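Structure file input.csv (CSV, C-alpha atoms) follows.
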chain,number,residue,atom,x,y,z
A,1,MET,CA,15.0,22.8,-35.5
A,2,GLU,CA,13.4,24.2,-32.3
A,3,LYS,CA,10.2,26.2,-32.8
A,4,ALA,CA,11.4,29.8,-32.9
A,5,LYS,CA,10.5,32.0,-29.8
A,6,PRO,CA,9.0,35.4,-30.5
A,7,LYS,CA,11.5,37.9,-31.9
A,8,VAL,CA,9.9,40.8,-30.1
A,9,LEU,CA,8.4,40.5,-26.6
A,10,PRO,CA,5.2,42.4,-26.0
A,11,LEU,CA,5.5,45.6,-23.9
A,12,ASN,CA,4.2,44.0,-20.7
A,13,LYS,CA,6.5,41.0,-21.0
A,14,ARG,CA,9.9,42.7,-21.4
A,15,GLY,CA,10.6,44.0,-17.9
A,16,MET,CA,9.9,47.6,-18.9
A,17,ASN,CA,9.4,49.5,-15.6
A,18,PHE,CA,9.9,52.9,-14.1
A,19,GLU,CA,13.7,52.3,-13.8
A,20,MET,CA,14.1,51.3,-17.4
A,21,PHE,CA,11.7,54.0,-18.6
A,22,MET,CA,13.9,56.6,-16.9
A,23,TRP,CA,17.0,55.0,-18.3
A,24,ILE,CA,15.8,55.4,-21.9
A,25,ILE,CA,14.4,58.9,-21.1
A,26,THR,CA,17.9,59.9,-19.8
A,27,ARG,CA,19.4,58.8,-23.1
A,28,LEU,CA,16.8,60.5,-25.2
A,29,THR,CA,17.1,63.8,-23.3
A,30,ALA,CA,20.8,63.7,-23.8
A,31,LEU,CA,20.3,63.4,-27.6
A,32,ALA,CA,17.7,66.2,-27.4
A,33,MET,CA,20.2,68.4,-25.6
A,34,TYR,CA,22.7,67.9,-28.4
A,35,GLY,CA,20.0,68.8,-31.0
A,36,LEU,CA,18.8,72.0,-29.1
A,37,ILE,CA,22.4,73.2,-28.4
A,38,LEU,CA,23.3,72.7,-32.0
A,39,THR,CA,20.2,74.6,-33.1
A,40,ALA,CA,21.1,77.5,-30.8
A,41,ILE,CA,24.7,77.7,-32.0
A,42,VAL,CA,23.8,77.5,-35.7
A,43,GLY,CA,21.0,80.1,-35.1
A,44,ALA,CA,23.4,82.4,-33.3
A,45,LEU,CA,25.9,82.2,-36.2
A,46,ILE,CA,23.1,82.9,-38.7
A,47,MET,CA,22.0,86.0,-36.7
A,48,GLY,CA,25.5,87.4,-36.9
A,49,ALA,CA,27.3,86.1,-33.8
A,50,ARG,CA,30.5,85.5,-35.8
A,51,ASN,CA,31.2,89.3,-35.9
A,52,GLN,CA,29.3,90.4,-32.8
A,53,MET,CA,30.1,87.9,-30.1
A,54,ASN,CA,33.2,86.1,-28.8
A,55,LEU,CA,33.3,82.3,-28.5
A,56,ALA,CA,32.5,82.3,-24.8
A,57,ASP,CA,29.3,84.3,-25.4
A,58,VAL,CA,28.3,82.0,-28.3
A,59,LEU,CA,28.7,78.9,-26.1
A,60,ARG,CA,26.8,80.6,-23.3
A,61,TRP,CA,24.0,81.3,-25.7
A,62,GLY,CA,24.3,77.7,-27.1
A,63,PHE,CA,23.8,76.1,-23.7
A,64,MET,CA,20.9,78.4,-22.8
A,65,PRO,CA,19.5,80.6,-25.6
A,66,ASN,CA,18.2,83.3,-23.4
A,67,ASN,CA,18.5,86.9,-24.4
A,68,PRO,CA,20.3,88.2,-21.2
A,69,HIS,CA,23.2,86.1,-22.5
A,70,VAL,CA,23.7,88.5,-25.4
A,71,LEU,CA,23.2,91.7,-23.5
A,72,ASN,CA,26.9,92.4,-23.0
A,73,THR,CA,28.0,91.7,-26.5
A,74,ASP,CA,28.2,93.8,-29.7
A,75,VAL,CA,24.8,92.6,-30.9
A,76,PRO,CA,23.0,95.8,-32.0
A,77,ASP,CA,19.4,94.7,-31.8
A,78,LEU,CA,18.2,92.2,-29.1
A,79,ALA,CA,14.8,91.6,-30.9
A,80,PRO,CA,15.9,88.6,-33.1
A,81,TRP,CA,17.3,87.0,-30.0
A,82,SER,CA,14.1,87.4,-27.9
A,83,THR,CA,11.5,85.8,-30.2
A,84,PRO,CA,9.1,83.2,-28.9
A,85,PHE,CA,11.0,80.6,-31.0
A,86,TRP,CA,14.2,81.1,-28.9
A,87,ARG,CA,12.3,81.3,-25.7
A,88,THR,CA,10.7,78.0,-26.6
A,89,VAL,CA,14.1,76.4,-27.5
A,90,ALA,CA,15.5,77.7,-24.2
A,91,SER,CA,12.4,76.3,-22.3
A,92,LEU,CA,12.8,72.9,-23.9
A,93,LEU,CA,16.6,72.9,-23.2
A,94,LEU,CA,15.8,73.8,-19.6
A,95,LEU,CA,13.3,71.0,-19.2
A,96,VAL,CA,15.3,68.2,-20.8
A,97,ALA,CA,18.5,69.3,-19.0
A,98,THR,CA,16.7,69.3,-15.7
A,99,ALA,CA,15.1,65.9,-16.2
A,100,HIS,CA,18.4,64.5,-17.4
A,101,GLY,CA,20.4,65.9,-14.6
A,102,VAL,CA,18.0,65.2,-11.8
A,103,HIS,CA,17.6,61.6,-12.9
A,104,GLY,CA,21.3,61.2,-13.1
A,105,LEU,CA,21.5,62.4,-9.5
A,106,VAL,CA,18.8,60.0,-8.4
A,107,ALA,CA,20.7,57.1,-10.2
A,108,ILE,CA,23.9,57.9,-8.3
A,109,ALA,CA,22.1,58.4,-5.0
A,110,ASP,CA,20.4,55.0,-5.4
A,111,ASP,CA,23.9,53.4,-5.3
A,112,TYR,CA,24.4,54.6,-1.8
A,113,ILE,CA,20.9,54.9,-0.4
A,114,VAL,CA,19.7,51.3,-0.5
A,115,THR,CA,16.6,51.2,1.7
A,116,PRO,CA,13.2,51.5,-0.1
A,117,ARG,CA,12.2,54.3,2.3
A,118,GLY,CA,15.4,56.2,1.8
A,119,ARG,CA,15.1,55.9,-2.0
A,120,ARG,CA,11.5,57.1,-1.8
A,121,ILE,CA,12.5,60.2,0.1
A,122,VAL,CA,15.3,61.0,-2.4
A,123,ARG,CA,12.9,60.6,-5.3
A,124,VAL,CA,10.3,62.9,-3.7
A,125,LEU,CA,12.9,65.5,-2.9
A,126,SER,CA,14.4,65.2,-6.4
A,127,ILE,CA,11.0,65.7,-8.0
A,128,ILE,CA,10.3,68.7,-5.9
A,129,MET,CA,13.7,70.1,-6.8
A,130,MET,CA,13.2,69.4,-10.5
A,131,ILE,CA,9.8,71.1,-10.6
A,132,SER,CA,11.0,74.1,-8.6
A,133,MET,CA,14.1,74.6,-10.8
A,134,SER,CA,12.0,74.2,-14.0
A,135,LEU,CA,9.4,76.7,-12.8
A,136,ILE,CA,12.0,79.3,-11.8
A,137,GLY,CA,13.9,78.8,-15.0
A,138,LEU,CA,10.8,79.1,-17.2
A,139,TYR,CA,9.9,82.3,-15.3
A,140,VAL,CA,13.3,83.8,-16.0
A,141,ILE,CA,13.2,82.8,-19.7
A,142,TRP,CA,9.7,84.2,-20.4
A,143,ILE,CA,10.0,87.5,-18.4
A,144,SER,CA,13.5,88.5,-19.6
B,1,MET,CA,65.1,37.2,-10.9
B,2,LYS,CA,64.0,38.5,-7.5
B,3,VAL,CA,60.4,39.3,-6.9
B,4,THR,CA,58.9,41.2,-4.0
B,5,ILE,CA,55.3,40.2,-3.2
B,6,LYS,CA,53.2,42.2,-0.7
B,7,ILE,CA,50.2,40.2,0.4
B,8,PHE,CA,47.0,41.2,2.2
B,9,ARG,CA,46.7,39.2,5.4
B,10,TYR,CA,43.8,38.8,7.8
B,11,ASN,CA,43.1,36.0,10.2
B,12,PRO,CA,39.8,36.6,12.0
B,13,GLU,CA,40.9,34.4,14.9
B,14,GLN,CA,44.0,36.6,15.6
B,15,ASP,CA,43.7,39.9,13.9
B,16,LYS,CA,41.4,42.8,14.7
B,17,LYS,CA,42.4,44.5,11.5
B,18,PHE,CA,44.0,43.4,8.2
B,19,HIS,CA,47.6,44.1,7.5
B,20,TYR,CA,50.1,43.4,4.7
B,21,GLU,CA,53.2,41.2,4.8
B,22,THR,CA,56.0,41.4,2.3
B,23,TYR,CA,57.9,38.3,1.0
B,24,VAL,CA,60.9,38.1,-1.3
B,25,VAL,CA,60.9,35.2,-3.8
B,26,GLU,CA,64.5,34.6,-5.0
B,27,ASN,CA,65.0,32.7,-8.3
B,28,ALA,CA,61.6,33.5,-9.7
B,29,HIS,CA,61.2,33.3,-13.5
B,30,GLU,CA,59.5,35.9,-15.6
B,31,THR,CA,57.2,33.2,-16.9
B,32,ASP,CA,56.1,32.3,-13.3
B,33,ARG,CA,52.5,33.0,-12.6
B,34,VAL,CA,51.4,35.0,-9.5
B,35,LEU,CA,49.8,31.7,-8.4
B,36,ASP,CA,53.2,30.1,-8.4
B,37,LEU,CA,54.6,32.9,-6.2
B,38,LEU,CA,51.7,32.4,-3.8
B,39,GLU,CA,52.3,28.6,-3.7
B,40,HIS,CA,56.0,29.4,-3.1
B,41,VAL,CA,55.2,31.7,-0.2
B,42,LYS,CA,52.8,29.2,1.3
B,43,GLY,CA,55.3,26.3,0.9
B,44,TYR,CA,58.5,28.0,2.1
B,45,ASN,CA,57.6,31.2,4.0
B,46,ASP,CA,54.2,30.9,5.7
B,47,GLY,CA,52.0,27.9,5.6
B,48,THR,CA,49.1,29.8,7.1
B,49,LEU,CA,48.7,31.9,3.9
B,50,SER,CA,45.2,31.1,2.6
B,51,PHE,CA,43.9,31.5,-1.0
B,52,ARG,CA,41.6,29.6,-3.3
B,53,ARG,CA,42.9,27.7,-6.3
B,54,SER,CA,41.8,24.6,-8.1
B,55,CYS,CA,42.5,23.9,-11.8
B,56,ALA,CA,45.3,26.6,-12.0
B,57,HIS,CA,44.7,26.9,-15.7
B,58,GLY,CA,42.1,29.7,-15.9
B,59,VAL,CA,39.1,27.5,-16.2
B,60,CYS,CA,37.6,27.1,-12.7
B,61,GLY,CA,37.7,30.8,-11.7
B,62,SER,CA,38.8,30.1,-8.1
B,63,ASP,CA,41.8,32.4,-7.8
B,64,ALA,CA,40.4,35.8,-8.8
B,65,MET,CA,42.2,38.4,-6.8
B,66,ARG,CA,43.4,42.0,-7.0
B,67,ILE,CA,46.9,42.0,-8.4
B,68,ASN,CA,48.6,45.4,-8.4
B,69,GLY,CA,45.1,47.0,-8.1
B,70,HIS,CA,43.4,45.1,-10.9
B,71,ASN,CA,41.1,42.1,-10.7
B,72,MET,CA,42.9,39.1,-12.4
B,73,LEU,CA,43.2,35.4,-12.1
B,74,ALA,CA,46.5,34.6,-10.3
B,75,CYS,CA,46.9,31.5,-12.5
B,76,LYS,CA,46.8,33.6,-15.7
B,77,THR,CA,49.0,36.5,-14.6
B,78,LEU,CA,52.7,36.2,-15.5
B,79,VAL,CA,55.4,38.0,-13.6
B,80,ARG,CA,56.8,39.4,-16.9
B,81,ASP,CA,53.5,41.3,-17.4
B,82,ILE,CA,53.3,43.0,-14.1
B,83,GLY,CA,56.9,43.5,-12.9
B,84,ASP,CA,58.9,42.4,-9.9
B,85,GLN,CA,57.0,44.5,-7.3
B,86,ILE,CA,53.6,42.8,-6.8
B,87,THR,CA,50.8,43.5,-4.4
B,88,VAL,CA,48.1,40.9,-4.0
B,89,GLU,CA,44.8,41.6,-2.2
B,90,PRO,CA,41.3,40.0,-2.1
B,91,ILE,CA,38.7,41.0,-4.6
B,92,MET,CA,36.6,44.0,-3.3
B,93,GLY,CA,33.0,44.2,-2.2
B,94,LEU,CA,32.8,40.8,-0.5
B,95,LYS,CA,33.6,40.0,3.1
B,96,VAL,CA,37.1,38.7,3.7
B,97,VAL,CA,37.0,35.2,5.3
B,98,LYS,CA,40.8,34.8,5.6
B,99,ASP,CA,43.7,36.4,3.8
B,100,LEU,CA,42.8,36.2,0.1
B,101,ILE,CA,39.6,34.2,0.5
B,102,VAL,CA,36.3,36.1,0.4
B,103,ASP,CA,32.7,35.0,1.1
B,104,MET,CA,31.3,34.4,-2.4
B,105,GLU,CA,27.7,33.7,-1.2
B,106,PRO,CA,26.3,37.2,-2.0
B,107,PHE,CA,27.8,36.8,-5.5
B,108,PHE,CA,26.2,33.5,-6.0
B,109,ASP,CA,22.9,34.6,-4.5
B,110,ASN,CA,22.7,37.4,-7.1
B,111,TYR,CA,23.7,34.9,-9.8
B,112,LYS,CA,20.9,32.5,-8.9
B,113,LYS,CA,18.3,35.3,-9.0
B,114,VAL,CA,18.4,35.5,-12.9
B,115,LEU,CA,17.4,31.8,-13.2
B,116,PRO,CA,20.7,30.7,-14.8
B,117,TRP,CA,19.5,27.5,-16.3
B,118,PHE,CA,17.7,26.4,-19.4
B,119,ILE,CA,13.9,26.8,-19.3
B,120,SER,CA,11.5,25.4,-22.0
B,121,ASP,CA,8.1,23.9,-22.0
B,122,ALA,CA,8.5,22.7,-25.6
B,123,PRO,CA,8.4,18.9,-25.8
B,124,THR,CA,11.6,17.1,-26.4
B,125,PRO,CA,12.3,16.6,-30.1
B,126,ALA,CA,10.6,13.5,-31.6
B,127,ASP,CA,13.9,11.7,-32.1
B,128,GLY,CA,14.8,12.3,-28.5
B,129,ARG,CA,18.0,14.0,-29.3
B,130,GLU,CA,19.2,17.6,-29.0
B,131,ARG,CA,17.2,20.8,-29.4
B,132,LEU,CA,18.9,22.0,-32.5
B,133,GLN,CA,19.7,25.6,-33.4
B,134,SER,CA,21.5,27.2,-36.3
B,135,PRO,CA,25.1,28.3,-36.0
B,136,GLU,CA,23.9,31.9,-36.2
B,137,GLN,CA,21.5,31.4,-33.4
B,138,ARG,CA,24.3,29.9,-31.3
B,139,ALA,CA,26.7,32.7,-32.1
B,140,ARG,CA,24.2,35.2,-30.8
B,141,PHE,CA,25.1,34.4,-27.2
B,142,ASP,CA,28.4,32.7,-27.7
B,143,GLU,CA,30.3,35.4,-25.7
B,144,SER,CA,28.3,35.0,-22.6
B,145,THR,CA,28.8,31.2,-22.5
B,146,LYS,CA,32.4,31.8,-21.6
B,147,CYS,CA,31.8,33.0,-18.1
B,148,ILE,CA,33.6,31.0,-15.4
B,149,LEU,CA,32.0,32.7,-12.4
B,150,CYS,CA,35.3,34.0,-11.0
B,151,ALA,CA,33.6,37.2,-9.8
B,152,ALA,CA,36.4,39.4,-11.2
B,153,CYS,CA,33.8,41.5,-13.1
B,154,THR,CA,31.2,41.9,-10.3
B,155,THR,CA,33.8,42.8,-7.7
B,156,SER,CA,35.4,45.4,-10.0
B,157,CYS,CA,32.1,47.2,-10.3
B,158,PRO,CA,31.6,50.5,-8.3
B,159,SER,CA,27.8,49.8,-8.2
B,160,PHE,CA,28.5,46.5,-6.5
B,161,TRP,CA,31.0,48.0,-4.0
B,162,ALA,CA,28.2,50.5,-3.1
B,163,SER,CA,25.6,47.7,-2.5
B,164,ASP,CA,25.8,44.0,-2.7
B,165,ASP,CA,22.1,43.9,-3.5
B,166,TYR,CA,23.0,45.0,-7.0
B,167,LEU,CA,22.8,42.0,-9.3
B,168,GLY,CA,26.2,42.7,-10.8
B,169,PRO,CA,27.8,42.0,-14.2
B,170,ALA,CA,28.2,38.2,-13.8
B,171,ALA,CA,24.5,37.8,-13.2
B,172,PHE,CA,23.7,39.9,-16.2
B,173,VAL,CA,26.0,37.8,-18.4
B,174,ALA,CA,24.2,34.7,-17.2
B,175,ALA,CA,20.9,36.3,-18.0
B,176,HIS,CA,22.2,37.3,-21.5
B,177,ARG,CA,23.3,33.7,-22.0
B,178,PHE,CA,19.6,32.5,-21.9
B,179,VAL,CA,17.6,35.6,-22.9
B,180,PHE,CA,19.2,35.5,-26.4
B,181,ASP,CA,19.1,31.7,-26.7
B,182,SER,CA,16.6,30.7,-29.4
B,183,ARG,CA,15.7,27.5,-27.5
B,184,ASP,CA,15.0,29.1,-24.1
B,185,GLN,CA,11.4,30.3,-23.3
B,186,ALA,CA,11.9,32.4,-20.2
B,187,ALA,CA,13.3,35.6,-21.6
B,188,SER,CA,10.4,37.5,-20.3
B,189,GLU,CA,10.9,36.3,-16.7
B,190,ARG,CA,14.6,37.0,-16.8
B,191,LEU,CA,14.2,40.5,-18.2
B,192,GLU,CA,11.7,41.3,-15.5
B,193,ILE,CA,14.3,40.2,-12.9
B,194,VAL,CA,17.2,42.1,-14.4
B,195,ALA,CA,15.2,45.3,-14.9
B,196,GLU,CA,14.2,45.5,-11.2
B,197,THR,CA,15.4,48.3,-9.0
B,198,ASN,CA,18.8,46.7,-8.2
B,199,GLY,CA,19.3,45.6,-11.7
B,200,LEU,CA,20.2,47.1,-15.1
B,201,ALA,CA,19.5,50.7,-14.1
B,202,ARG,CA,22.3,50.6,-11.5
B,203,CYS,CA,24.9,49.9,-14.3
B,204,HIS,CA,26.6,53.2,-15.0
B,205,THR,CA,28.7,51.8,-17.9
B,206,ALA,CA,32.0,52.2,-16.1
B,207,PHE,CA,33.5,49.3,-18.2
B,208,ASN,CA,35.4,48.0,-15.2
B,209,CYS,CA,33.8,44.6,-15.7
B,210,THR,CA,34.9,44.3,-19.3
B,211,MET,CA,38.4,45.3,-18.3
B,212,ALA,CA,38.5,42.8,-15.5
B,213,CYS,CA,37.1,39.7,-17.3
B,214,PRO,CA,39.8,37.1,-17.7
B,215,ARG,CA,37.8,35.5,-20.4
B,216,GLU,CA,37.6,38.8,-22.3
B,217,ILE,CA,33.8,38.7,-22.5
B,218,GLN,CA,32.4,42.0,-23.7
B,219,ILE,CA,30.3,42.4,-20.6
B,220,THR,CA,29.3,46.0,-21.0
B,221,GLN,CA,28.0,45.2,-24.4
B,222,ALA,CA,26.0,42.3,-23.1
B,223,ILE,CA,24.5,44.6,-20.4
B,224,GLY,CA,23.7,47.1,-23.1
B,225,GLU,CA,21.9,44.5,-25.1
B,226,LEU,CA,19.8,43.5,-22.1
B,227,LYS,CA,18.9,47.1,-21.5
B,228,MET,CA,17.8,47.5,-25.1
B,229,ALA,CA,15.9,44.2,-24.9
B,230,THR,CA,13.8,45.7,-22.0
B,231,VAL,CA,13.1,48.8,-24.1
B,232,THR,CA,12.5,47.3,-27.5
B,233,GLY,CA,11.5,43.7,-26.6
B,234,ARG,CA,13.9,42.3,-29.2
B,235,VAL,CA,15.3,39.0,-27.9
B,236,GLU,CA,16.6,37.4,-31.1

Once more with this new file: its structure as structure tokens, please.
Amino acid sequence: MEKAKPKVLPLNKRGMNFEMFMWIITRLTALAMYGLILTAIVGALIMGARNQMNLADVLRWGFMPNNPHVLNTDVPDLAPWSTPFWRTVASLLLLVATAHGVHGLVAIADDYIVTPRGRRIVRVLSIIMMISMSLIGLYVIWIS
Amino acid sequence: MKVTIKIFRYNPEQDKKFHYETYVVENAHETDRVLDLLEHVKGYNDGTLSFRRSCAHGVCGSDAMRINGHNMLACKTLVRDIGDQITVEPIMGLKVVKDLIVDMEPFFDNYKKVLPWFISDAPTPADGRERLQSPEQRARFDESTKCILCAACTTSCPSFWASDDYLGPAAFVAAHRFVFDSRDQAASERLEIVAETNGLARCHTAFNCTMACPREIQITQAIGELKMATVTGRVE
């Protein structure tokens, strides 16, 4: 029998590069979004959303647990919906969603922009857009 | 039965642009293959019709073409499975040389990039015979040994249509064939090649390749296994 080759290749011998790192990051951020959205929906139901909000408002809160999303509902007290915990969940959701979405856009753009220079420009613009959107979003979450 | 077959035609010596021509094949049988119809048209209607064919039994992979919008082998596609109105076009993403013949060079260039041959520095076994492996080790890459290089998968892939620098599913299948072979010792080199900018990251898991493969290879799964190998390093 042939001598067995290593079952697991070391990190620097398996082709792991920026492309594949972002590929796995995109998968992990998708899973994180599921977890955070589920946390927000379950939290909303525990805080009384079942009797105080309609389905659309619950989902809006679920996708971004930010207190302005419960302003126009029958929620009597906004305080439980404005805690640092929910602001942190909203911030995490914003950051993982932005990273996931912007990398998705870059991946699609790479199909059509095939020159190294063009791809570099798209990457720089995407990173600027990602940082800008994240900063604006964090500002809105923490001052509201 | 009567079958109407509409065929993509392009002769670079005469035509500025491609066009379609329609032929009617009388007395066709529902068990006829599309290749039989093409042979009939070439033999009785227009001898200038050009297409590739060799074994005519689904082994050589010469006659991959787009039949009613789907990549198939003309020699494996029966009239009864696709009806009596048939449109035949060349596979997409490669330059048309004439009629249904495309320039396969970009496809084979990408294929060669993944080092699709056995690599091992291990000395030949003392008895001078085969390098043995267990049935389980052989089964690990059995699927990807079935590839006949027809290019049906690669030319059905939207990422390849966008850029022929993209390695494409067939090259990934070839890489899978050796990366998971217990006897091969160049998994690392191959993974570095398939993980490059025009490699695995360009696969958007559209599943077109799996749908198109005439050998029913689970190509998307093989690509997924290569992706995970670059992340986890597991190559057994």

Specify as an mmCIF file with C-alpha atoms, keeping the file's coordinate frame all residues of chain B found within 7 Å of chain A, counting all atoms listed in the file.
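As a result, iface.cif now contains:
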data_model
loop_
_atom_site.group_PDB
_atom_site.id
_atom_site.type_symbol
_atom_site.label_atom_id
_atom_site.label_comp_id
_atom_site.auth_asym_id
_atom_site.auth_seq_id
_atom_site.Cartn_x
_atom_site.Cartn_y
_atom_site.Cartn_z
ATOM 1 C CA ARG B 131 17.200 20.800 -29.400
ATOM 2 C CA LEU B 132 18.900 22.000 -32.500
ATOM 3 C CA GLN B 133 19.700 25.600 -33.400
ATOM 4 C CA SER B 159 27.800 49.800 -8.200
ATOM 5 C CA ALA B 162 28.200 50.500 -3.100
ATOM 6 C CA SER B 163 25.600 47.700 -2.500
ATOM 7 C CA SER B 182 16.600 30.700 -29.400
ATOM 8 C CA ARG B 183 15.700 27.500 -27.500
ATOM 9 C CA GLN B 185 11.400 30.300 -23.300
ATOM 10 C CA SER B 188 10.400 37.500 -20.300
ATOM 11 C CA LEU B 191 14.200 40.500 -18.200
ATOM 12 C CA GLU B 192 11.700 41.300 -15.500
ATOM 13 C CA ALA B 195 15.200 45.300 -14.900
ATOM 14 C CA THR B 197 15.400 48.300 -9.000
ATOM 15 C CA ALA B 201 19.500 50.700 -14.100
ATOM 16 C CA ARG B 202 22.300 50.600 -11.500
ATOM 17 C CA THR B 230 13.800 45.700 -22.000
ATOM 18 C CA VAL B 231 13.100 48.800 -24.100
ATOM 19 C CA GLY B 233 11.500 43.700 -26.600
ATOM 20 C CA ARG B 234 13.900 42.300 -29.200
ATOM 21 C CA VAL B 235 15.300 39.000 -27.900
ATOM 22 C CA GLU B 236 16.600 37.400 -31.100
#

Would you kindly return, as a ChimeraX atom specification, each protein, DNA or RNA residue with an atom no farther than 7 Å from any atom of Ser120 (chain B), considering all atoms listed in the file and excluding same-chain residues fewer than 2 positions away?
/B:118,122,184-185

Residues within 9 Å of Thr205 (chain B), all atoms listed in the file, excluding chain neighbours under 5 positions, as JSON, numbers by chain:
{"B": [220, 223, 224]}

Find the residue from B:Ala186, B:Ala126, B:Cys153, B:Leu38 that sits nearest to Thr22 (chain B); use all atoms listed in the file when measuring.
B:Leu38

Pro116 (chain B): which residues within 8 Å, counting only C-alpha atoms, same-chain residues fewer than 5 positions away excluded, as a list of chain:residue names?
B:Tyr111, B:Ala174, B:Ala175, B:Phe178
